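One structure is given below, encoded as structure tokens.
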Amino acid sequence: MGSGRGTRRSILEAQLAVAAETKHLLKLRGNSCGSELAVLVVRLGGGREVKSSTLPATRFPKPQALQVGPEMDGTRREEAPNSSPDKAELDLSPDHSSAGVSVLAILGVAGFILGLGRSAQDMVDQVEDVSKVETNDYLLDGDWNYSAPPQRRVYNWTVREHVHNPDGIYRPMLLVNNQFPGPLIRVNEGDTIVVHIDNRATNATSFHWHGIYQNGTPHMDGTVGITQCPIPPGGKFTYEFTVDNQSGTYWWHAHQSAQSSDGLHGPLVVHGRKERDLQQIAYGTDRVVLLSDHYHDLSSALLWQYLAPDMENTEPVPQGGLINGRGIRNCEEFPARQCDNTTSNVGLPNIDLERGKSHRLRIINTGAFAEFQFQIDGHELAVTEVDGTDVTPINYHRLNINPAQRYSVVINSSVESADSFWMRARMITQCFTDPPKTLQPDAVAIVRYAATGPAADSEQDPTPVDWEEKLALECRDMNTTELKPVDVLAAPAEADAFFYFRSNFEIGAYRLSRGFFDSSSFRPNIHSPTLQRTIDGLSSGNETFTSTAVSNPGNNAAFINDAAFDKTHEYVLQTTQTQTLDILISNFDDGNHPLHLHGYKYFILAQGHGYPPMKSTLESLTRENIQPLYDQLDLSNPLRRDTASVEAFGWILLRFVADNPGAWAFHCHVSWHSEAGLLMQFLTRTDELAKLEVPEANRELCGMEGVERGMGPEDESYRDLARGR
Ligand SMILES: [Cu+2]
């Protein structure tokens with residue numbers, strides 16, 4: 001163990017030294033690299049795919065105009081004069097001295113996007129000038145009125161394409177209001193969130209509010225093919241929903257293909273009415289720390305490659321990680337890329353803390369694939385919240401955070417040994433197949449102490465001090481069984497129904513590797529979302545929505561509906577009235593799957609490797625056969641969250657009370673796996689759904705031109721590729 005630790009430390013020191021050296025070097029000289037752009041395959045809608053290798057920038061047409069939108073923050077309050085929206089007060093004026101050489105290539109990429117995407121949609125904007133992108137630091141303003149009466153919080157969001165360089169390397173991105181990462185939504189429990197979306201990008205999009213129950217507003221959940229049709233290019237749509245009976249740390253992201261990875265994500269913080277009681281350690285400051293893996297290519301290009309014949313589920317590996325959208329790379333490592341790491345958005349984030357106080361950090365993994373191990377050198381992390389559930393604090397040295405998971409920690413800035421410390425989010429790289437040589441697996445930030453107010457800007461980098469414990473080598477959730485909700489809630493003693501599902505990747509038609517729950521691989525029906533189809537079916541007395549029409553009802557109130565839905569592509573577990581469901585997932589794949597359930601938090605009853613305890617290993621995983629597992633369960637107050645992982649060749653047992661009317665996605669939150677089809681649906685409280693109306697605005701979207709733009713590739717798109725081998 002001792003020698004292992006020494007090895008790890010020296011590698012880390014080397015990495016940190018490279019980062020520090022890069023930072024200093026780049027302060028000395030503007031660094032612009034080659035004018036060629038590696039663009040592999042891009043599908044930017046309209047069903048057109050363009051394959052190319054490394055293309056010189058000069059081949060691209062220039063954009064016709066660069067237009068600057070008026071919105072910066074885009075936030076407006078209707079009834080809260082005292083609580084003005086948070087505004088990141090950052091000076092992000094561009095450093096023109098070093099960006100000159102880059103501009104041609106940036107325009108080139110812009111032209112590339114426009115050239116492909118140009119269509120009849122007049123409302124689609126030209127790509128923005130890179131210098132207009134604002135970076136958020138997410139320090140939550142302490143003047144917030146936590147006891148303000150419930151109100152509408154109105155946000156105006158414009159979606160545009162940008163060429164941006166979060167770590168120095170320019171790449172096409174999709175952003176809300178010229179911000180990366182996206183705007184913070186911050187509300188009190190009981191408030192109504194209103195988000196007006198104006199889609200000025202080339203492709204259709206949609207927004208999901210991750211972890212928000214949407215009780216009574218299931219059509220606002222934002223899942224393409226399930227709760228809505230996409231918002232087409234040039235289209236507008238307004239999300240409006242009230243946040244009740246939940247609080248804590250959430251986030252929002254695009255739920256159309258893998259667009260979230262292109263920049264469409266941001267935090268959503270709900271201050272609970274009992275926040276100060278449920279958070280058992282008082283804290284002086286509150287902030288969000290977004291961790292994200294970062295790719296240098298558009299998700300549409302990566303997705304096309306990933307799903308190609310014979311790729312055997314080899315996920316795209318990121319180039320590095322970002323903390324709050326910031327990072328820094330050495331441009332010389334990427335000679336084929338346009339790069340400028342001297343712009344003010346590039347660099348390591350500085351997190352300034354007043355000495356001797358307690359500080360809450362809301363850590364969110366907004367990435368597409370990588371699991372992070374998070375630590376702050378020298379600081380114990382007291383975990384106080386998990387996915388919106390406040391928990392009794394327990395101290396950790398490191399946290400493992402899978403995509404879409406959130407942990408709040410409270411740290412104390414009273415370490416005597418130094419004034420500055422490394423914050424590190426290390427990817428667990430063992431889960432990557434064939435990572436690129438240029439992979440920088442550690443995202444870092446600098447935590448600095450100051451007596452009062454912001455810390456003095458210091459050129460001195462912190463001295464690395466690592467914990468003695470071994471780093472995790474496997475992708476799976478950290479052990480959360482000891483984390484107990486403060487608001488005690490026993491799981492129901494018995495479930496009304498038990499369902500067992502296998503998750504797997506299988507080679508299907510055209511030798512494509514696709515994700516499956518049992519024998520179903522999801523393909524969204526973008527013109528007829530499940531929710532709409534169901535409401536229409538129920539109100540017209542369509543019998544396929546009752547248990548009598550399905551092939552194997554088992555239980556009249558909870559069944560797989562294979563009558564109304566084609567199980568091949570839409571795997572739907574339907575319930576009527578309130579049902580308590582037990583869901584056992586066994587993973588027959590070598591990858592970890594963080595499973596997110598929309599519309600609910602579930603109880604994690606148990607998770608593990610191999611098979612769960614069972615009476616007979618020769619029998620299948622029926623409820624009866626896993627009675628030994630049930631005999632071990634502690635139902636007194638299990639952790640409740642909305643994203644938990646089934647590890648490689650492992651299993652997880654979840655229980656939830658299906659009482660929320662709607663059509664809810666249940667899927668792996670590795671974007672690549674979800675896009676490969678690893679998604680099923682829970683259609684719950686259909687007795688109540690029959691009474692709901694589909695809003696006219698939702699219906700209108702489905703009839704609009706361009707809704708199909710930006711969909712992931714269809715299997716048939718690969719037919720010729722498969723034949724050609
Ligand atoms: Cu997965």
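Here's how to read the names in the structure tokens: chain A, B, ... by the order shown, residue numbers from 1 in each chain, ligand numbers from 1 in the order shown.
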
Who sits within 9 Å of region 288-290 of chain A, only C-alpha atoms, same chain under 2 positions skipped, as a PyMOL selection string:
chain A and resi 137-140+181+249+266-267+269+286+292+322-325+360-367+408

Quick one: everything within 6 Å of region 311-321 of chain A, counting only C-alpha atoms, minus sequence neighbours fewer than 4 positions away in the same chain. Send it as a PDB file with C-alpha atoms, in the first residue's frame.
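Output saved as result36.pdb:
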ATOM      1  CA  SER A 292     -18.069  17.732 -16.071  1.00  0.00           C
ATOM      2  CA  ASP A 293     -16.170  15.578 -18.476  1.00  0.00           C
ATOM      3  CA  HIS A 294     -15.257  17.577 -21.546  1.00  0.00           C
ATOM      4  CA  TYR A 295     -15.098  16.522 -25.173  1.00  0.00           C
ATOM      5  CA  PRO A 435      -8.464   6.585 -23.786  1.00  0.00           C
ATOM      6  CA  LEU A 439      -6.544  12.543 -21.843  1.00  0.00           C
ATOM      7  CA  GLN A 440      -6.076  14.703 -18.752  1.00  0.00           C
ATOM      8  CA  PRO A 441      -8.085  12.741 -16.204  1.00  0.00           C
ATOM      9  CA  ALA A 443      -9.929  18.428 -13.253  1.00  0.00           C
ATOM     10  CA  SER A 513     -24.275  -2.263 -30.342  1.00  0.00           C
TER      11      SER A 513
END

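Each of A:Ala663, A:Val176, A:Ile526, A:Val550 was checked against Ala204 (chain A) using only C-alpha atoms; the smallest atom-to-atom distance is that of A:Ile526.
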
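Atom pair CA of Phe666 (chain A) / CA of Tyr407 (chain A): separated by 20.7 Å.
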
For Leu689 (chain A): contacts at 7 Å, only C-alpha atoms, fewer than 4 positions along chain excluded, given as a count of residues only
4

Mind listing the strand (DSSP E) residues of region 614-699 of chain A, per DSSP on the backbone, as an MDAnalysis selection string?
chainID A and resid 640:641 643:646 650:658 662:668 679:684

Please, which residues in chain A fall within 12 Å of ligand 1 when counting only C-alpha atoms and all ligand atoms, and what is the closest atom pair and distance in Å to one decimal for each, ordered by chain then residue number, as a Markdown table?
| residue | atom | partner | partner_atom_place_in_ligand_line | distance |
| --- | --- | --- | --- | --- |
| A:Asn313 | CA | ligand 1 | 1 (Cu) | 10.2 |
| A:Thr314 | CA | ligand 1 | 1 (Cu) | 11.7 |
| A:Glu315 | CA | ligand 1 | 1 (Cu) | 9.9 |
| A:Ala368 | CA | ligand 1 | 1 (Cu) | 10.0 |
| A:Phe369 | CA | ligand 1 | 1 (Cu) | 8.3 |
| A:Ala370 | CA | ligand 1 | 1 (Cu) | 10.7 |
| A:Glu371 | CA | ligand 1 | 1 (Cu) | 11.4 |
| A:Asn402 | CA | ligand 1 | 1 (Cu) | 10.4 |
| A:Pro403 | CA | ligand 1 | 1 (Cu) | 9.7 |
| A:Ala404 | CA | ligand 1 | 1 (Cu) | 11.7 |
| A:Cys431 | CA | ligand 1 | 1 (Cu) | 11.4 |
| A:Cys475 | CA | ligand 1 | 1 (Cu) | 10.9 |
| A:Arg476 | CA | ligand 1 | 1 (Cu) | 11.1 |
| A:Ser503 | CA | ligand 1 | 1 (Cu) | 8.9 |
| A:Asn504 | CA | ligand 1 | 1 (Cu) | 9.2 |
| A:Phe505 | CA | ligand 1 | 1 (Cu) | 9.5 |
| A:Arg514 | CA | ligand 1 | 1 (Cu) | 11.1 |
| A:Gly515 | CA | ligand 1 | 1 (Cu) | 8.2 |
| A:Phe516 | CA | ligand 1 | 1 (Cu) | 10.2 |
| A:Phe517 | CA | ligand 1 | 1 (Cu) | 11.1 |
| A:Asn587 | CA | ligand 1 | 1 (Cu) | 9.6 |
| A:Phe588 | CA | ligand 1 | 1 (Cu) | 11.3 |
| A:Asp589 | CA | ligand 1 | 1 (Cu) | 8.9 |
| A:Asp590 | CA | ligand 1 | 1 (Cu) | 9.7 |
| A:Gly591 | CA | ligand 1 | 1 (Cu) | 6.4 |
| A:Asn592 | CA | ligand 1 | 1 (Cu) | 5.7 |
| A:His593 | CA | ligand 1 | 1 (Cu) | 3.5 |
| A:Pro594 | CA | ligand 1 | 1 (Cu) | 6.1 |
| A:Leu595 | CA | ligand 1 | 1 (Cu) | 7.5 |
| A:His596 | CA | ligand 1 | 1 (Cu) | 10.2 |
| A:Thr643 | CA | ligand 1 | 1 (Cu) | 11.7 |
| A:Ala644 | CA | ligand 1 | 1 (Cu) | 11.0 |
| A:Ser645 | CA | ligand 1 | 1 (Cu) | 8.6 |
| A:Val646 | CA | ligand 1 | 1 (Cu) | 8.6 |
| A:Glu647 | CA | ligand 1 | 1 (Cu) | 9.2 |
| A:Ala648 | CA | ligand 1 | 1 (Cu) | 9.4 |
| A:Phe666 | CA | ligand 1 | 1 (Cu) | 11.5 |
| A:His667 | CA | ligand 1 | 1 (Cu) | 8.0 |
| A:Cys668 | CA | ligand 1 | 1 (Cu) | 4.5 |
| A:His669 | CA | ligand 1 | 1 (Cu) | 6.2 |
| A:Val670 | CA | ligand 1 | 1 (Cu) | 4.8 |
| A:Ser671 | CA | ligand 1 | 1 (Cu) | 7.7 |
| A:Trp672 | CA | ligand 1 | 1 (Cu) | 7.4 |
| A:His673 | CA | ligand 1 | 1 (Cu) | 4.7 |
| A:Ser674 | CA | ligand 1 | 1 (Cu) | 6.7 |
| A:Glu675 | CA | ligand 1 | 1 (Cu) | 9.7 |
| A:Ala676 | CA | ligand 1 | 1 (Cu) | 9.2 |
| A:Gly677 | CA | ligand 1 | 1 (Cu) | 9.8 |
| A:Leu678 | CA | ligand 1 | 1 (Cu) | 7.0 |
| A:Leu679 | CA | ligand 1 | 1 (Cu) | 9.5 |

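Computed from the coordinates, the CA of Pro529 (chain A) to CA of Val224 (chain A) distance equals 7.0 Å.
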
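Residue nearest Phe545 (chain A) within the list A:Phe522, A:Leu489, A:Gln607, A:Thr575: A:Thr575 [criterion: smallest interatomic distance, only C-alpha atoms].
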
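Within 7 Å of region 697-713 of chain A there are Leu44, Gly45, Gly46, Asn203, Ala204, Gln228, Cys229, Pro230, Ile231, Pro232, Pro233, Ser257, Trp304, Ile526, His527, Val694, Pro695, Asp715 and Ser717 of chain A, counting only C-alpha atoms and ignoring same-chain residues fewer than 2 positions away.
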
Length of the CA of Asp461 (chain A) to CA of Cys339 (chain A) vector [Å]:
23.8 Å

When you look at His271 (chain A) with a cut-off of 7 Å (counting only C-alpha atoms), what residues show up, excluding the ones that are within fewer than 5 positions of it in the same chain? I need them as a JSON list (two decimals) with C-alpha atoms, in the first residue's frame.
[["chain", "number", "residue", "atom", "x", "y", "z"],
["A", 146, "TYR", "CA", -35.26, 32.46, 1.97],
["A", 187, "VAL", "CA", -35.90, 29.28, -6.15],
["A", 188, "ASN", "CA", -37.56, 28.67, -2.83],
["A", 189, "GLU", "CA", -39.67, 25.59, -2.28],
["A", 247, "SER", "CA", -35.63, 20.98, -1.99],
["A", 248, "GLY", "CA", -31.89, 20.80, -2.42]]

For Ala382 (chain A), work out the shell of residues within 8 Å, counting only C-alpha atoms and skipping chain neighbours fewer than 5 positions away, then give it as a VMD selection string.
chain A and resid 393 to 396 409 to 411

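Distances to Val391 (chain A) were evaluated for A:Val163, A:Ile185, A:Val346, A:Leu639 using only C-alpha atoms, and the minimum falls at A:Leu639.
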
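Nearest residue to Phe499 (chain A) among A:Phe682, A:Trp467, A:Tyr239, A:Tyr283 is A:Phe682, counting only C-alpha atoms.
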
If you run DSSP on the backbone, which residues of region 279-466 of chain A are helix (DSSP H, G or I), as JSON, numbers by chain?
{"A": [299, 300, 301, 302, 303, 304, 305, 306, 307, 331, 332, 333, 429, 430, 431]}

Output file for the residues above (C-alpha atoms, as a compact mmCIF listing (two decimals), in the first residue's frame):
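What ended up in selection-v6.txt:
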# COMPACT_ATOMS: atom_id res chain seq x y z
CA SER A 299 -21.91 14.99 -29.27
CA SER A 300 -23.64 14.34 -32.59
CA ALA A 301 -20.29 13.44 -34.16
CA LEU A 302 -19.25 11.28 -31.23
CA LEU A 303 -22.60 9.53 -31.13
CA TRP A 304 -22.39 8.66 -34.79
CA GLN A 305 -18.98 7.07 -34.28
CA TYR A 306 -19.97 5.31 -31.08
CA LEU A 307 -22.98 3.60 -32.54
CA CYS A 331 -2.26 24.08 -26.84
CA GLU A 332 0.88 22.35 -28.08
CA GLU A 333 -0.68 19.01 -27.24
CA THR A 429 -10.09 5.97 -15.96
CA GLN A 430 -10.29 2.20 -15.56
CA CYS A 431 -13.76 2.49 -17.05
